[in-house]
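*Asks:* Right, I'll just put the structure down here and ask away after.
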Amino acid sequence: MTFKIILAVVLGTVVGFFVPSQWYDATDILLTIGLCLLLFFVGIDIGKNKNVLQDIKRTGALFFIVPIGVAVGSLIGAIAVGYLLGYPLNESGAIGSGLGWYTLSSIIIAPYSSELSVLAFLTNVMREVFAIALIPIIATRIGFIEAIAPAGATAMDTTLPIISRNTSSETAILSFSTGLILSILVPILVPLFLFR
Amino acid sequence: MSSILLYLSLLIVGGLLSYKGLIHTQLMNRIDKLQLACLFALLFIMGLRIGMDDRVLKAFAQIGFHAILFALFTVIGSVGVVHLLLKIFKKKRGAANDL
């Protein structure tokens, strides 16, 4: 599964070299339509489980614990590696605050520094690639809930089906709520680090 | 924000329709395959965008290495802290159940 996923991205990248850049906007529309369809199907899949409401109630405190853990862990990781590479604390904090949402974080950072903006873009693209590759492994080796962590904000859309397939429907619900909370945090945290 | 609301509402509508048994059985039986088809199409488009964007390709040579390290450490940090919090949470819940 992981190999097929990576193959799809690599194949897309290779084809992308030869596609005229005017078509870039069209991919935006395709992504939105694809995501809408996908989320509708994921919803149907979750709804198949008749105990879904009890499941949400059962997630209880995890509804807050998981996104807080993901955000704090991302910041610690980014600040630690930023320190080793010689980045100021506020810049590495802003990179970590992207939480996997590469388009938004790089756009917010762009007025501050274009180089940092590209770093944010690439870091969060790479994070999504790592998440896609690692979710199945983390789900089997460490735990279902921990498998949500690498996804960050994408836990509610692009990586949700991967989490849903490799864990349980209860984890998929927690994944969506985690992604939702993290998506709200990105536009708050990134500017907080850079523009004070 | 509007896209988040759109995604959330589609997820809820899909969930409610299937919960109430309003989805045709033929669609219900193919839901796994449909999810996979959408996923691979989206991943291909994601790759396409990476390949089409000169900014990303040029940047890959310049600061790609730093990006890989940042990505790796944020992933490790997230998994580590969530794992730790879950351990504390389970311990506390276990202690509360003992009372």
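Please note that chains go A, B, ... in the order of the structure tokens, that every chain numbers its residues from 1, and that ligands are numbered from 1 in the order shown.
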Residues at most 8 Å from range 119-124 of chain A, counting only C-alpha atoms, excluding those fewer than 3 positions away in the same chain, as a list in words?

*Replies:* Ile95, Gly98, Leu99, Gly100, Trp101, Tyr102, Thr103, Ser105, Ser106, Ile109, Glu115, Leu116, Arg127 and Glu128 of chain A; Val56, Ala59, Phe60, Ile63, Gly64, His66, Ala67, Ile68, Phe70 and Ala71 of chain B

*Asks:* So which residues of range 89-125 of chain A fall under alpha helix (DSSP H) by DSSP, listed as a PyMOL selection string?

*Replies:* chain A and resi 89-96+102-109+114-125

*Asks:* Please produce a file of the residues just selected, as a PDB file, in the first residue's frame, where the atoms kept are C-alpha atoms.

*Replies:*
ATOM      1  CA  LEU A  89      13.692  30.255  17.539  1.00  0.00           C
ATOM      2  CA  ASN A  90      10.834  32.267  16.014  1.00  0.00           C
ATOM      3  CA  GLU A  91      11.614  31.045  12.477  1.00  0.00           C
ATOM      4  CA  SER A  92      11.833  27.360  13.411  1.00  0.00           C
ATOM      5  CA  GLY A  93       8.696  27.784  15.535  1.00  0.00           C
ATOM      6  CA  ALA A  94       6.864  29.166  12.493  1.00  0.00           C
ATOM      7  CA  ILE A  95       8.019  26.201  10.371  1.00  0.00           C
ATOM      8  CA  GLY A  96       6.772  23.769  13.035  1.00  0.00           C
ATOM      9  CA  TYR A 102       2.028  23.508   3.305  1.00  0.00           C
ATOM     10  CA  THR A 103       0.019  25.891   1.179  1.00  0.00           C
ATOM     11  CA  LEU A 104      -1.320  28.075   3.977  1.00  0.00           C
ATOM     12  CA  SER A 105       1.832  28.159   6.143  1.00  0.00           C
ATOM     13  CA  SER A 106       4.076  29.158   3.223  1.00  0.00           C
ATOM     14  CA  ILE A 107       1.644  31.888   2.148  1.00  0.00           C
ATOM     15  CA  ILE A 108       1.521  33.345   5.673  1.00  0.00           C
ATOM     16  CA  ILE A 109       5.351  33.298   5.916  1.00  0.00           C
ATOM     17  CA  SER A 114      10.647  34.149   0.769  1.00  0.00           C
ATOM     18  CA  GLU A 115      13.375  31.661   1.650  1.00  0.00           C
ATOM     19  CA  LEU A 116      11.656  30.703   4.911  1.00  0.00           C
ATOM     20  CA  SER A 117       8.398  30.482   2.982  1.00  0.00           C
ATOM     21  CA  VAL A 118       9.900  27.918   0.581  1.00  0.00           C
ATOM     22  CA  LEU A 119      11.384  26.016   3.539  1.00  0.00           C
ATOM     23  CA  ALA A 120       7.915  25.929   5.171  1.00  0.00           C
ATOM     24  CA  PHE A 121       6.391  24.731   1.907  1.00  0.00           C
ATOM     25  CA  LEU A 122       8.930  21.941   1.426  1.00  0.00           C
ATOM     26  CA  THR A 123       8.983  20.905   5.086  1.00  0.00           C
ATOM     27  CA  ASN A 124       5.233  20.457   5.154  1.00  0.00           C
ATOM     28  CA  VAL A 125       5.123  18.730   1.748  1.00  0.00           C
TER      29      VAL A 125
END

*Asks:* Between A:Thr59, A:Thr32, A:Ser74, A:Ser164, which is the closest to chain B once you count only C-alpha atoms?

*Replies:* A:Ser74

*Asks:* One number please: CA of Leu27 in chain B to CA of Ile44 in chain A, in Å, one decimal.

*Replies:*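 One can read the CA of Leu27 in chain B to CA of Ile44 in chain A distance as 9.7 Å.
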
*Asks:* Near chain A, which residues of chain B fall within 8 Å when you count only C-alpha atoms, and what do they look like as a ChimeraX atom specification?

*Replies:* /B:4,6-7,10-19,28,31-32,34-35,38-53,55-56,59-60,63-64,66-83,85-86

*Asks:* Between CA of Arg58 in chain A and CA of Lys87 in chain B, measure the distance and give it in Å to one decimal.

*Replies:* 17.0 Å
